[in-house]
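Trainee: Input structure: final16.cif, which contains mmCIF, C-alpha atoms.
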```cif
data_input
loop_
_atom_site.group_PDB
_atom_site.id
_atom_site.type_symbol
_atom_site.label_atom_id
_atom_site.label_comp_id
_atom_site.auth_asym_id
_atom_site.auth_seq_id
_atom_site.Cartn_x
_atom_site.Cartn_y
_atom_site.Cartn_z
ATOM 1 C CA MET A 1172 -14.953 -7.283 -4.680
ATOM 2 C CA ARG A 1173 -15.979 -6.370 -8.188
ATOM 3 C CA GLY A 1174 -19.462 -5.505 -9.448
ATOM 4 C CA THR A 1175 -21.504 -5.746 -12.606
ATOM 5 C CA GLY A 1176 -22.745 -2.142 -12.535
ATOM 6 C CA THR A 1177 -22.266 0.024 -15.598
ATOM 7 C CA ALA A 1178 -22.510 3.593 -14.259
ATOM 8 C CA GLY A 1179 -19.257 5.373 -13.461
ATOM 9 C CA THR A 1180 -16.379 3.143 -12.449
ATOM 10 C CA VAL A 1181 -16.667 2.354 -8.736
ATOM 11 C CA ASP A 1182 -19.890 1.321 -6.980
ATOM 12 C CA TYR A 1183 -20.688 1.070 -3.289
ATOM 13 C CA TYR A 1184 -21.160 -1.937 -1.081
ATOM 14 C CA ALA A 1185 -24.012 -2.167 1.417
ATOM 15 C CA LEU A 1186 -23.452 -3.907 4.750
ATOM 16 C CA THR A 1187 -26.359 -5.013 6.928
ATOM 17 C CA PHE A 1188 -26.818 -7.133 10.036
ATOM 18 C CA ASN A 1189 -29.413 -9.745 10.981
ATOM 19 C CA GLY A 1190 -31.408 -9.049 7.824
ATOM 20 C CA ASP A 1191 -32.335 -5.587 9.107
ATOM 21 C CA THR A 1192 -33.192 -3.372 6.131
ATOM 22 C CA GLY A 1193 -34.690 -0.582 8.228
ATOM 23 C CA SER A 1194 -33.251 2.892 8.569
ATOM 24 C CA ASN A 1195 -31.027 1.865 11.443
ATOM 25 C CA TYR A 1196 -27.536 2.523 10.133
ATOM 26 C CA SER A 1197 -25.154 5.461 9.881
ATOM 27 C CA THR A 1198 -21.749 5.912 8.264
ATOM 28 C CA HIS A 1199 -18.965 8.459 8.729
ATOM 29 C CA ARG A 1200 -16.531 8.537 5.815
ATOM 30 C CA LEU A 1201 -13.022 9.952 5.463
ATOM 31 C CA ASP A 1202 -12.098 9.461 1.828
ATOM 32 C CA GLY A 1203 -9.449 10.385 -0.721
ATOM 33 C CA ASN A 1204 -10.078 10.317 -4.459
ATOM 34 C CA GLY A 1205 -6.531 10.924 -5.622
ATOM 35 C CA SER A 1206 -6.792 14.698 -5.650
ATOM 36 C CA THR A 1207 -9.011 15.673 -2.711
ATOM 37 C CA ALA A 1208 -9.534 14.464 0.846
ATOM 38 C CA TYR A 1209 -13.066 14.838 2.113
ATOM 39 C CA ALA A 1210 -15.425 13.749 4.858
ATOM 40 C CA GLN A 1211 -19.066 12.782 4.538
ATOM 41 C CA SER A 1212 -21.715 11.168 6.658
ATOM 42 C CA SER A 1213 -25.100 9.551 6.303
ATOM 43 C CA SER A 1214 -27.646 8.856 9.000
ATOM 44 C CA SER A 1215 -30.828 6.803 9.194
ATOM 45 C CA GLY A 1216 -29.597 4.766 6.267
ATOM 46 C CA THR A 1217 -30.594 1.235 5.366
ATOM 47 C CA SER A 1218 -26.984 0.015 5.380
ATOM 48 C CA ILE A 1219 -23.393 0.926 6.129
ATOM 49 C CA LEU A 1220 -21.873 1.836 2.779
ATOM 50 C CA ASN A 1221 -18.979 3.248 0.800
ATOM 51 C CA PHE A 1222 -17.492 3.130 -2.671
ATOM 52 C CA CYS A 1223 -14.822 0.488 -3.265
ATOM 53 C CA VAL A 1224 -16.384 -1.922 -5.790
ATOM 54 C CA PRO A 1225 -14.902 -1.484 -9.283
ATOM 55 C CA ASN A 1226 -17.576 -2.151 -11.865
ATOM 56 C CA ALA A 1227 -17.821 -3.334 -15.463
ATOM 57 C CA ASN A 1228 -16.389 -0.054 -16.752
ATOM 58 C CA THR A 1229 -12.976 -0.783 -15.216
ATOM 59 C CA THR A 1230 -10.241 -3.031 -16.581
ATOM 60 C CA ALA A 1231 -10.973 -6.721 -16.095
ATOM 61 C CA GLY A 1232 -9.063 -8.139 -13.171
ATOM 62 C CA ILE A 1233 -9.336 -5.065 -10.937
ATOM 63 C CA PHE A 1234 -11.012 -5.729 -7.605
ATOM 64 C CA GLY A 1235 -11.523 -3.511 -4.559
ATOM 65 C CA ALA A 1236 -11.027 -4.491 -0.941
ATOM 66 C CA ALA A 1237 -12.575 -3.781 2.439
ATOM 67 C CA ILE A 1238 -11.989 -4.974 5.982
ATOM 68 C CA PHE A 1239 -14.894 -4.773 8.408
ATOM 69 C CA ASP A 1240 -13.896 -4.896 12.069
ATOM 70 C CA ILE A 1241 -16.986 -5.559 14.169
ATOM 71 C CA LEU A 1242 -16.172 -5.127 17.833
ATOM 72 C CA ASP A 1243 -18.124 -6.825 20.623
ATOM 73 C CA TYR A 1244 -20.537 -8.188 18.035
ATOM 74 C CA ALA A 1245 -22.405 -10.449 20.467
ATOM 75 C CA ALA A 1246 -23.204 -7.756 23.027
ATOM 76 C CA THR A 1247 -26.896 -7.273 23.813
ATOM 77 C CA THR A 1248 -26.607 -3.997 25.692
ATOM 78 C CA LYS A 1249 -25.111 -1.675 23.094
ATOM 79 C CA ASN A 1250 -25.416 -0.558 19.495
ATOM 80 C CA LYS A 1251 -22.734 -1.974 17.185
ATOM 81 C CA THR A 1252 -19.806 -0.002 15.756
ATOM 82 C CA VAL A 1253 -17.835 -1.077 12.707
ATOM 83 C CA ARG A 1254 -14.460 0.185 11.457
ATOM 84 C CA VAL A 1255 -13.935 -0.068 7.708
ATOM 85 C CA PRO A 1256 -10.759 0.677 5.769
ATOM 86 C CA SER A 1257 -11.500 0.089 2.106
ATOM 87 C CA GLY A 1258 -10.592 1.164 -1.377
ATOM 88 C CA ALA A 1259 -10.211 0.459 -5.054
ATOM 89 C CA ASP A 1260 -7.380 1.667 -7.269
ATOM 90 C CA THR A 1261 -7.760 1.390 -11.039
ATOM 91 C CA ASN A 1262 -4.339 2.685 -12.139
ATOM 92 C CA GLY A 1263 -5.510 6.206 -12.777
ATOM 93 C CA GLY A 1264 -8.738 6.266 -10.793
ATOM 94 C CA GLY A 1265 -10.414 5.014 -7.672
ATOM 95 C CA GLN A 1266 -10.530 6.041 -4.038
ATOM 96 C CA VAL A 1267 -9.326 5.069 -0.598
ATOM 97 C CA ASN A 1268 -11.600 5.218 2.449
ATOM 98 C CA PHE A 1269 -11.388 5.105 6.206
ATOM 99 C CA ASP A 1270 -14.844 4.833 7.701
ATOM 100 C CA SER A 1271 -16.879 4.063 10.757
ATOM 101 C CA GLY A 1272 -20.373 2.671 10.698
ATOM 102 C CA ALA A 1273 -23.030 2.063 13.291
ATOM 103 C CA TRP A 1274 -25.996 -0.281 13.522
ATOM 104 C CA TYR A 1275 -28.551 1.029 15.988
ATOM 105 C CA SER A 1276 -29.594 -2.244 17.553
ATOM 106 C CA THR A 1277 -28.641 -3.944 20.785
ATOM 107 C CA ALA A 1278 -29.251 -7.388 19.314
ATOM 108 C CA ALA A 1279 -26.291 -9.701 18.998
ATOM 109 C CA VAL A 1280 -25.039 -9.885 15.430
ATOM 110 C CA THR A 1281 -25.913 -13.354 14.176
ATOM 111 C CA SER A 1282 -25.783 -12.760 10.436
ATOM 112 C CA ILE A 1283 -24.019 -10.350 8.087
ATOM 113 C CA GLY A 1284 -25.146 -9.346 4.612
ATOM 114 C CA ILE A 1285 -23.073 -7.565 1.996
ATOM 115 C CA SER A 1286 -24.316 -6.575 -1.435
ATOM 116 C CA VAL A 1287 -23.634 -4.179 -4.278
ATOM 117 C CA PRO A 1288 -26.949 -2.408 -4.939
ATOM 118 C CA ALA A 1289 -25.888 -1.305 -8.451
ATOM 119 C CA GLY A 1290 -25.893 -4.914 -9.662
ATOM 120 C CA ASN A 1291 -24.291 -8.141 -8.581
ATOM 121 C CA PHE A 1292 -20.856 -9.060 -7.376
ATOM 122 C CA SER A 1293 -18.772 -10.356 -10.271
ATOM 123 C CA GLN A 1294 -17.288 -13.812 -10.349
ATOM 124 C CA TYR A 1295 -14.068 -14.240 -8.391
ATOM 125 C CA SER A 1296 -15.178 -11.776 -5.736
ATOM 126 C CA SER A 1297 -14.189 -13.372 -2.453
ATOM 127 C CA PHE A 1298 -15.400 -13.000 1.118
ATOM 128 C CA ALA A 1299 -13.955 -14.388 4.356
ATOM 129 C CA LEU A 1300 -15.258 -14.022 7.897
ATOM 130 C CA TYR A 1301 -12.813 -14.439 10.769
ATOM 131 C CA GLY A 1302 -13.516 -14.720 14.468
ATOM 132 C CA ILE A 1303 -11.142 -13.256 17.028
ATOM 133 C CA LYS A 1304 -11.338 -14.739 20.471
ATOM 134 C CA GLY A 1305 -10.215 -13.026 23.646
ATOM 135 C CA MET B 383 -12.347 -22.846 13.539
ATOM 136 C CA ALA B 384 -10.282 -20.586 11.342
ATOM 137 C CA SER B 385 -6.979 -19.496 12.796
ATOM 138 C CA THR B 386 -6.052 -15.825 12.666
ATOM 139 C CA TYR B 387 -2.728 -14.028 12.518
ATOM 140 C CA THR B 388 -0.309 -16.921 12.380
ATOM 141 C CA PRO B 389 3.216 -15.464 12.270
ATOM 142 C CA ILE B 390 4.952 -16.749 9.150
ATOM 143 C CA ALA B 391 8.269 -14.985 9.651
ATOM 144 C CA THR B 392 9.764 -12.141 11.701
ATOM 145 C CA THR B 393 12.969 -10.191 11.127
ATOM 146 C CA THR B 394 14.648 -7.673 13.424
ATOM 147 C CA LEU B 395 17.551 -5.878 11.828
ATOM 148 C CA GLY B 396 20.896 -6.304 13.581
ATOM 149 C CA SER B 397 22.392 -3.669 11.320
ATOM 150 C CA SER B 398 21.047 -1.126 8.870
ATOM 151 C CA GLN B 399 19.716 -2.802 5.762
ATOM 152 C CA ALA B 400 18.054 -1.822 2.497
ATOM 153 C CA GLY B 401 15.193 -4.263 2.742
ATOM 154 C CA VAL B 402 13.708 -7.596 3.731
ATOM 155 C CA THR B 403 12.258 -10.356 1.563
ATOM 156 C CA PHE B 404 9.574 -12.811 2.627
ATOM 157 C CA SER B 405 9.552 -15.774 0.265
ATOM 158 C CA SER B 406 7.913 -19.173 -0.268
ATOM 159 C CA ILE B 407 4.593 -17.809 1.003
ATOM 160 C CA SER B 408 1.751 -20.329 0.803
ATOM 161 C CA GLY B 409 -1.000 -21.985 2.760
ATOM 162 C CA TYR B 410 -3.112 -19.032 3.861
ATOM 163 C CA THR B 411 -6.125 -17.044 2.680
ATOM 164 C CA ASP B 412 -4.932 -13.504 3.434
ATOM 165 C CA LEU B 413 -1.674 -11.892 4.512
ATOM 166 C CA LYS B 414 -0.892 -9.062 6.907
ATOM 167 C CA LEU B 415 2.547 -7.460 6.876
ATOM 168 C CA VAL B 416 3.485 -5.323 9.883
ATOM 169 C CA ILE B 417 6.668 -3.268 10.080
ATOM 170 C CA ASN B 418 7.985 -0.885 12.709
ATOM 171 C CA VAL B 419 10.892 0.946 11.120
ATOM 172 C CA GLY B 420 13.104 4.010 11.232
ATOM 173 C CA THR B 421 15.530 5.769 8.921
ATOM 174 C CA ASN B 422 18.156 8.472 9.359
ATOM 175 C CA VAL B 423 17.444 10.067 5.995
ATOM 176 C CA ASN B 424 14.383 10.925 3.961
ATOM 177 C CA ALA B 425 12.980 7.571 2.864
ATOM 178 C CA TYR B 426 9.707 6.012 1.768
ATOM 179 C CA PRO B 427 9.015 2.350 2.634
ATOM 180 C CA PHE B 428 7.590 0.322 -0.229
ATOM 181 C CA ILE B 429 6.582 -3.186 -1.199
ATOM 182 C CA GLN B 430 6.948 -5.255 -4.356
ATOM 183 C CA PHE B 431 5.563 -8.677 -5.154
ATOM 184 C CA ASN B 432 7.291 -11.661 -6.775
ATOM 185 C CA SER B 433 10.392 -9.538 -7.591
ATOM 186 C CA ASP B 434 8.346 -7.545 -10.112
ATOM 187 C CA THR B 435 10.106 -4.192 -10.623
ATOM 188 C CA GLY B 436 8.049 -3.244 -13.683
ATOM 189 C CA SER B 437 5.575 -0.387 -13.883
ATOM 190 C CA ASN B 438 2.718 -2.584 -12.732
ATOM 191 C CA TYR B 439 1.715 -0.903 -9.493
ATOM 192 C CA SER B 440 -0.535 2.038 -8.650
ATOM 193 C CA LEU B 441 -1.960 3.642 -5.542
ATOM 194 C CA THR B 442 -4.428 6.146 -4.152
ATOM 195 C CA GLU B 443 -3.504 7.801 -0.859
ATOM 196 C CA LEU B 444 -5.294 9.677 1.919
ATOM 197 C CA LEU B 445 -2.829 11.611 4.108
ATOM 198 C CA GLY B 446 -3.065 13.743 7.231
ATOM 199 C CA ASN B 447 0.018 15.663 8.366
ATOM 200 C CA GLY B 448 -1.253 17.322 11.533
ATOM 201 C CA SER B 449 -2.529 20.467 9.880
ATOM 202 C CA SER B 450 -4.337 19.354 6.734
ATOM 203 C CA ALA B 451 -5.691 16.326 4.897
ATOM 204 C CA SER B 452 -4.889 15.554 1.280
ATOM 205 C CA SER B 453 -5.192 12.850 -1.316
ATOM 206 C CA SER B 454 -2.865 11.867 -4.131
ATOM 207 C CA ARG B 455 -2.466 9.167 -6.744
ATOM 208 C CA GLY B 456 0.359 7.359 -8.484
ATOM 209 C CA SER B 457 -0.086 5.314 -11.652
ATOM 210 C CA SER B 458 2.168 2.803 -13.417
ATOM 211 C CA LEU B 459 4.654 2.756 -10.557
ATOM 212 C CA SER B 460 7.434 0.268 -9.873
ATOM 213 C CA HIS B 461 6.230 -0.325 -6.294
ATOM 214 C CA ILE B 462 3.608 0.679 -3.713
ATOM 215 C CA GLN B 463 5.115 3.182 -1.274
ATOM 216 C CA THR B 464 4.008 5.040 1.814
ATOM 217 C CA PHE B 465 5.036 8.500 3.069
ATOM 218 C CA ASN B 466 8.418 9.875 4.154
ATOM 219 C CA ILE B 467 9.186 8.322 7.526
ATOM 220 C CA ASN B 468 12.298 10.279 8.444
ATOM 221 C CA THR B 469 11.963 12.465 11.531
ATOM 222 C CA THR B 470 14.390 14.634 13.460
ATOM 223 C CA THR B 471 13.850 12.484 16.531
ATOM 224 C CA ALA B 472 13.958 8.729 16.930
ATOM 225 C CA ILE B 473 10.316 8.037 16.160
ATOM 226 C CA ASP B 474 9.688 4.786 14.344
ATOM 227 C CA THR B 475 6.881 4.358 11.865
ATOM 228 C CA MET B 476 4.363 1.542 11.963
ATOM 229 C CA VAL B 477 3.078 0.392 8.604
ATOM 230 C CA THR B 478 0.621 -2.428 7.930
ATOM 231 C CA TRP B 479 -0.329 -3.950 4.591
ATOM 232 C CA ASP B 480 -3.348 -6.240 4.225
ATOM 233 C CA VAL B 481 -3.110 -8.443 1.160
ATOM 234 C CA MET B 482 -6.408 -10.182 0.529
ATOM 235 C CA ASN B 483 -6.817 -13.395 -1.461
ATOM 236 C CA TYR B 484 -3.131 -13.219 -2.331
ATOM 237 C CA ALA B 485 -2.872 -16.742 -3.754
ATOM 238 C CA ASN B 486 -5.634 -16.533 -6.345
ATOM 239 C CA THR B 487 -4.601 -16.585 -9.993
ATOM 240 C CA LEU B 488 -7.713 -14.900 -11.407
ATOM 241 C CA THR B 489 -7.567 -11.288 -10.225
ATOM 242 C CA TYR B 490 -5.138 -8.415 -9.894
ATOM 243 C CA LYS B 491 -4.091 -7.925 -6.283
ATOM 244 C CA THR B 492 -5.426 -5.064 -4.160
ATOM 245 C CA VAL B 493 -3.663 -4.022 -0.954
ATOM 246 C CA LEU B 494 -4.888 -1.861 1.937
ATOM 247 C CA GLU B 495 -2.123 0.021 3.745
ATOM 248 C CA ARG B 496 -2.068 2.088 6.950
ATOM 249 C CA ALA B 497 0.930 4.010 8.249
ATOM 250 C CA SER B 498 1.415 6.090 11.375
ATOM 251 C CA ASN B 499 4.283 8.298 12.495
ATOM 252 C CA ALA B 500 3.786 10.658 15.408
ATOM 253 C CA GLY B 501 6.266 13.084 13.865
ATOM 254 C CA ASN B 502 5.118 13.093 10.262
ATOM 255 C CA GLY B 503 1.478 12.044 10.021
ATOM 256 C CA THR B 504 -0.835 9.179 9.223
ATOM 257 C CA ASN B 505 -2.186 7.784 6.006
ATOM 258 C CA ALA B 506 -4.273 5.143 4.284
ATOM 259 C CA ILE B 507 -3.501 3.721 0.857
ATOM 260 C CA VAL B 508 -5.216 1.393 -1.546
ATOM 261 C CA GLY B 509 -2.655 -0.176 -3.843
ATOM 262 C CA LEU B 510 -2.963 -2.290 -6.955
ATOM 263 C CA TRP B 511 -0.587 -4.819 -8.499
ATOM 264 C CA ARG B 512 -1.706 -5.503 -12.050
ATOM 265 C CA ASN B 513 -0.818 -9.174 -12.166
ATOM 266 C CA THR B 514 -2.939 -12.283 -11.721
ATOM 267 C CA ALA B 515 -0.079 -14.435 -10.433
ATOM 268 C CA ALA B 516 -0.260 -15.812 -6.924
ATOM 269 C CA ILE B 517 1.930 -13.798 -4.580
ATOM 270 C CA THR B 518 4.773 -15.993 -3.377
ATOM 271 C CA SER B 519 7.234 -13.363 -2.188
ATOM 272 C CA ILE B 520 7.120 -9.821 -0.812
ATOM 273 C CA TYR B 521 10.023 -7.389 -0.721
ATOM 274 C CA VAL B 522 9.950 -4.445 1.709
ATOM 275 C CA GLY B 523 12.444 -1.718 0.941
ATOM 276 C CA CYS B 524 12.815 2.028 1.286
ATOM 277 C CA ILE B 525 13.652 4.576 -1.345
ATOM 278 C CA ASN B 526 13.918 8.279 -2.037
ATOM 279 C CA SER B 527 13.817 9.729 -5.544
ATOM 280 C CA GLY B 528 14.804 6.416 -7.048
ATOM 281 C CA VAL B 529 17.763 5.904 -4.700
ATOM 282 C CA ALA B 530 17.637 2.962 -2.279
ATOM 283 C CA ARG B 531 17.890 3.884 1.402
ATOM 284 C CA THR B 532 18.358 1.726 4.499
ATOM 285 C CA PHE B 533 16.219 0.905 7.501
ATOM 286 C CA ASN B 534 17.805 1.498 10.898
ATOM 287 C CA THR B 535 19.080 -1.216 13.213
ATOM 288 C CA GLY B 536 16.243 -2.556 15.336
ATOM 289 C CA SER B 537 13.585 -2.136 12.642
ATOM 290 C CA THR B 538 11.143 -5.057 12.755
ATOM 291 C CA PHE B 539 9.251 -6.860 9.988
ATOM 292 C CA THR B 540 6.586 -9.514 10.580
ATOM 293 C CA LEU B 541 4.430 -11.331 8.050
ATOM 294 C CA TYR B 542 1.237 -12.964 9.310
ATOM 295 C CA GLY B 543 -0.939 -15.480 7.517
ATOM 296 C CA ILE B 544 -4.699 -15.626 8.027
ATOM 297 C CA LYS B 545 -6.524 -18.822 7.135
ATOM 298 C CA ALA B 546 -10.201 -19.125 6.355
ATOM 299 C CA ALA B 547 -12.275 -22.004 7.619
#
```
Mind converting the file's structure to structure tokens?
Mentor:
Amino acid sequence: MRGTGTAGTVDYYALTFNGDTGSNYSTHRLDGNGSTAYAQSSSSGTSILNFCVPNANTTAGIFGAAIFDILDYAATTKNKTVRVPSGADTNGGGQVNFDSGAWYSTAAVTSIGISVPAGNFSQYSSFALYGIKG
Amino acid sequence: MASTYTPIATTTLGSSQAGVTFSSISGYTDLKLVINVGTNVNAYPFIQFNSDTGSNYSLTELLGNGSSASSSRGSSLSHIQTFNINTTTAIDTMVTWDVMNYANTLTYKTVLERASNAGNGTNAIVGLWRNTAAITSIYVGCINSGVARTFNTGSTFTLYGIKAA
């Protein structure tokens, strides 16, 4: 992922399910910025989020990456938990993240949205969704 | 339906060895490299792409060693390496590298790494290879202060391909 934002160097992605833009998400973040390890959290948010989207202020060609593991996504009796390793290295900057997110809904996940609120995703950003069958 | 985690190649060392190369990689969307390795000396596993030994790699690391968490960075490196895996007891280290969109020729390549060793700690790394070439080969080696080390007999290396629909 790469974004078109122009503030700082690395923007955040926003992950949502089923088009739900209500305050039904939380994120716990364990991050490293190259000099400090730190933990943060957000609750009653409108998305699951973290910073791994290099923006227009970084060298062309640099893209960040994230893997969203969504367990038991079709369950209708439990809220959904997501595990997210992610990061962006810019050869002198960037951060690495290991996060968990929650969507407080028992609905089965039938659609997934990902955006970069600071702008748009740049061309050549790529997204792939895989199913894992038991 | 997309297939997931198709094993491309697996190697189990019959004797100690400095490294393993996976070559002629093609036909998938993403790659996942999984190794379970040990060493008898201080050594840091690393990866290189397409035999590039230039200063074209960098990384940002998050590390926990059982008593504290830290973060560090390396710029203009000759490889992407993880932490010291040597322990006083025979505890192997599991390391995984996810290489997304490895075959594209438009972007630099970003790698997400995770390593775990019950004796030494656990980490997460984001690594960057500043090259737009498609990745066709991966070398996994181990090193300490610029000197090549060897993986122990029985160390395993598996490369998986993941194909999008």
Trainee: Quick one: of B:Lys414, B:His461, B:Lys491, B:Arg531, who's nearest to chain A, counting only C-alpha atoms?
Mentor: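 Using only C-alpha atoms, the shortest distance to chain A belongs to B:Lys491.
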Trainee: Identify, on the basis of all atoms listed in the file, every residue whose closest approach to segment 431-446 of chain B does not exceed 6 Å; exclude the query and any residue fewer than 4 positions from it along the same chain; express the result as number ranges by chain.
Mentor: A: 1203, 1205, 1262; B: 450-461, 503-512, 519-520
Trainee: Rank nothing, just name the residue among A:Gly1264, A:Gly1258, A:Gly1193, A:Gly1305 nearest to Leu1242 of chain A, using only C-alpha atoms.
Mentor: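 That would be A:Gly1305, the residue with the smallest distance to Leu1242 of chain A.
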Trainee: Rounded to one decimal in Å, what is the spacing between atom CA of Thr1187 of chain A and atom CA of Ile1283 of chain A?
Mentor: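 Calculated distance between atom CA of Thr1187 of chain A and atom CA of Ile1283 of chain A is 5.9 Å.
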Trainee: For chain A, which residues have at least one atom within 8 Å of chain B, if we go by all atoms listed in the file? Write them as a compact mmCIF listing (two decimals) with C-alpha atoms, keeping the file's coordinate frame, please.
Mentor:
```
# COMPACT_ATOMS: atom_id res chain seq x y z
CA ASP A 1202 -12.10 9.46 1.83
CA GLY A 1203 -9.45 10.38 -0.72
CA ASN A 1204 -10.08 10.32 -4.46
CA GLY A 1205 -6.53 10.92 -5.62
CA SER A 1206 -6.79 14.70 -5.65
CA THR A 1207 -9.01 15.67 -2.71
CA ALA A 1208 -9.53 14.46 0.85
CA GLY A 1232 -9.06 -8.14 -13.17
CA ILE A 1233 -9.34 -5.07 -10.94
CA PHE A 1234 -11.01 -5.73 -7.60
CA GLY A 1235 -11.52 -3.51 -4.56
CA ALA A 1236 -11.03 -4.49 -0.94
CA ALA A 1237 -12.58 -3.78 2.44
CA PRO A 1256 -10.76 0.68 5.77
CA SER A 1257 -11.50 0.09 2.11
CA GLY A 1258 -10.59 1.16 -1.38
CA ALA A 1259 -10.21 0.46 -5.05
CA ASP A 1260 -7.38 1.67 -7.27
CA THR A 1261 -7.76 1.39 -11.04
CA ASN A 1262 -4.34 2.68 -12.14
CA GLY A 1263 -5.51 6.21 -12.78
CA GLY A 1264 -8.74 6.27 -10.79
CA GLY A 1265 -10.41 5.01 -7.67
CA GLN A 1266 -10.53 6.04 -4.04
CA VAL A 1267 -9.33 5.07 -0.60
CA ASN A 1268 -11.60 5.22 2.45
CA PHE A 1269 -11.39 5.11 6.21
CA TYR A 1295 -14.07 -14.24 -8.39
CA SER A 1297 -14.19 -13.37 -2.45
CA ALA A 1299 -13.96 -14.39 4.36
CA LEU A 1300 -15.26 -14.02 7.90
CA TYR A 1301 -12.81 -14.44 10.77
CA GLY A 1302 -13.52 -14.72 14.47
CA ILE A 1303 -11.14 -13.26 17.03
```
Trainee: Using only C-alpha atoms, can you tell me which of A:Ala1278, A:Ile1285, A:Asn1221, A:Asn1228 comes closest to Thr1247 of chain A?
Mentor: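 So, comparing all the options, the nearest one is A:Ala1278.
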Trainee: May I ask for the distance between atom CA of Gly396 of chain B and atom CA of Val419 of chain B, given in Å to one decimal place?
Mentor: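 Separating atom CA of Gly396 of chain B from atom CA of Val419 of chain B is a distance of 12.6 Å.
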Trainee: Run the PyMOL selection byres ((chain B and resi 465) around 6) mentally over the shown coordinates, then write out the matched residues as a PDB file with C-alpha atoms, keeping the file's coordinate frame, using the chain letters and numbers from the document.
Mentor:
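Output file selection14.pdb is given in full below:
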```
ATOM      1  CA  TYR B 426       9.707   6.012   1.768  1.00  0.00           C
ATOM      2  CA  THR B 464       4.008   5.040   1.814  1.00  0.00           C
ATOM      3  CA  ASN B 466       8.418   9.875   4.154  1.00  0.00           C
TER       4      ASN B 466
END
```
Trainee: If I only have part of segment 398-414 of chain B, can you fill in N, CA and C atoms and write it as a PDB file, keeping the file's coordinate frame?
Mentor:
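Result file follows (rebuild-v5.pdb):
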```pdb
ATOM      1  N   SER B 398      21.871  -1.808   9.865  1.00  0.00           N
ATOM      2  CA  SER B 398      21.047  -1.126   8.870  1.00  0.00           C
ATOM      3  C   SER B 398      21.036  -1.932   7.575  1.00  0.00           C
ATOM      4  N   GLN B 399      19.908  -1.914   6.910  1.00  0.00           N
ATOM      5  CA  GLN B 399      19.716  -2.802   5.762  1.00  0.00           C
ATOM      6  C   GLN B 399      18.721  -2.172   4.800  1.00  0.00           C
ATOM      7  N   ALA B 400      18.896  -2.437   3.516  1.00  0.00           N
ATOM      8  CA  ALA B 400      18.054  -1.822   2.497  1.00  0.00           C
ATOM      9  C   ALA B 400      16.649  -2.408   2.449  1.00  0.00           C
ATOM     10  N   GLY B 401      16.512  -3.677   2.823  1.00  0.00           N
ATOM     11  CA  GLY B 401      15.193  -4.263   2.742  1.00  0.00           C
ATOM     12  C   GLY B 401      15.156  -5.689   3.228  1.00  0.00           C
ATOM     13  N   VAL B 402      13.936  -6.235   3.252  1.00  0.00           N
ATOM     14  CA  VAL B 402      13.708  -7.596   3.731  1.00  0.00           C
ATOM     15  C   VAL B 402      12.791  -8.301   2.749  1.00  0.00           C
ATOM     16  N   THR B 403      13.092  -9.565   2.452  1.00  0.00           N
ATOM     17  CA  THR B 403      12.258 -10.356   1.563  1.00  0.00           C
ATOM     18  C   THR B 403      11.603 -11.502   2.331  1.00  0.00           C
ATOM     19  N   PHE B 404      10.299 -11.639   2.134  1.00  0.00           N
ATOM     20  CA  PHE B 404       9.574 -12.811   2.627  1.00  0.00           C
ATOM     21  C   PHE B 404       9.275 -13.672   1.405  1.00  0.00           C
ATOM     22  N   SER B 405       9.700 -14.913   1.445  1.00  0.00           N
ATOM     23  CA  SER B 405       9.552 -15.774   0.265  1.00  0.00           C
ATOM     24  C   SER B 405       8.881 -17.091   0.624  1.00  0.00           C
ATOM     25  N   SER B 406       8.563 -17.860  -0.422  1.00  0.00           N
ATOM     26  CA  SER B 406       7.913 -19.173  -0.268  1.00  0.00           C
ATOM     27  C   SER B 406       6.638 -19.063   0.558  1.00  0.00           C
ATOM     28  N   ILE B 407       5.838 -18.029   0.264  1.00  0.00           N
ATOM     29  CA  ILE B 407       4.593 -17.809   1.003  1.00  0.00           C
ATOM     30  C   ILE B 407       3.500 -18.702   0.432  1.00  0.00           C
ATOM     31  N   SER B 408       2.866 -19.489   1.268  1.00  0.00           N
ATOM     32  CA  SER B 408       1.751 -20.329   0.803  1.00  0.00           C
ATOM     33  C   SER B 408       0.975 -20.838   2.009  1.00  0.00           C
ATOM     34  N   GLY B 409      -0.239 -21.297   1.730  1.00  0.00           N
ATOM     35  CA  GLY B 409      -1.000 -21.985   2.760  1.00  0.00           C
ATOM     36  C   GLY B 409      -1.984 -21.145   3.541  1.00  0.00           C
ATOM     37  N   TYR B 410      -2.196 -19.896   3.128  1.00  0.00           N
ATOM     38  CA  TYR B 410      -3.112 -19.032   3.861  1.00  0.00           C
ATOM     39  C   TYR B 410      -4.130 -18.401   2.904  1.00  0.00           C
ATOM     40  N   THR B 411      -5.111 -17.729   3.477  1.00  0.00           N
ATOM     41  CA  THR B 411      -6.125 -17.044   2.680  1.00  0.00           C
ATOM     42  C   THR B 411      -5.727 -15.584   2.441  1.00  0.00           C
ATOM     43  N   ASP B 412      -5.335 -14.903   3.502  1.00  0.00           N
ATOM     44  CA  ASP B 412      -4.932 -13.504   3.434  1.00  0.00           C
ATOM     45  C   ASP B 412      -3.582 -13.331   4.124  1.00  0.00           C
ATOM     46  N   LEU B 413      -2.946 -12.212   3.862  1.00  0.00           N
ATOM     47  CA  LEU B 413      -1.674 -11.892   4.512  1.00  0.00           C
ATOM     48  C   LEU B 413      -1.768 -10.525   5.178  1.00  0.00           C
ATOM     49  N   LYS B 414      -1.041 -10.375   6.273  1.00  0.00           N
ATOM     50  CA  LYS B 414      -0.892  -9.062   6.907  1.00  0.00           C
ATOM     51  C   LYS B 414       0.593  -8.862   7.213  1.00  0.00           C
TER      52      LYS B 414
END
```
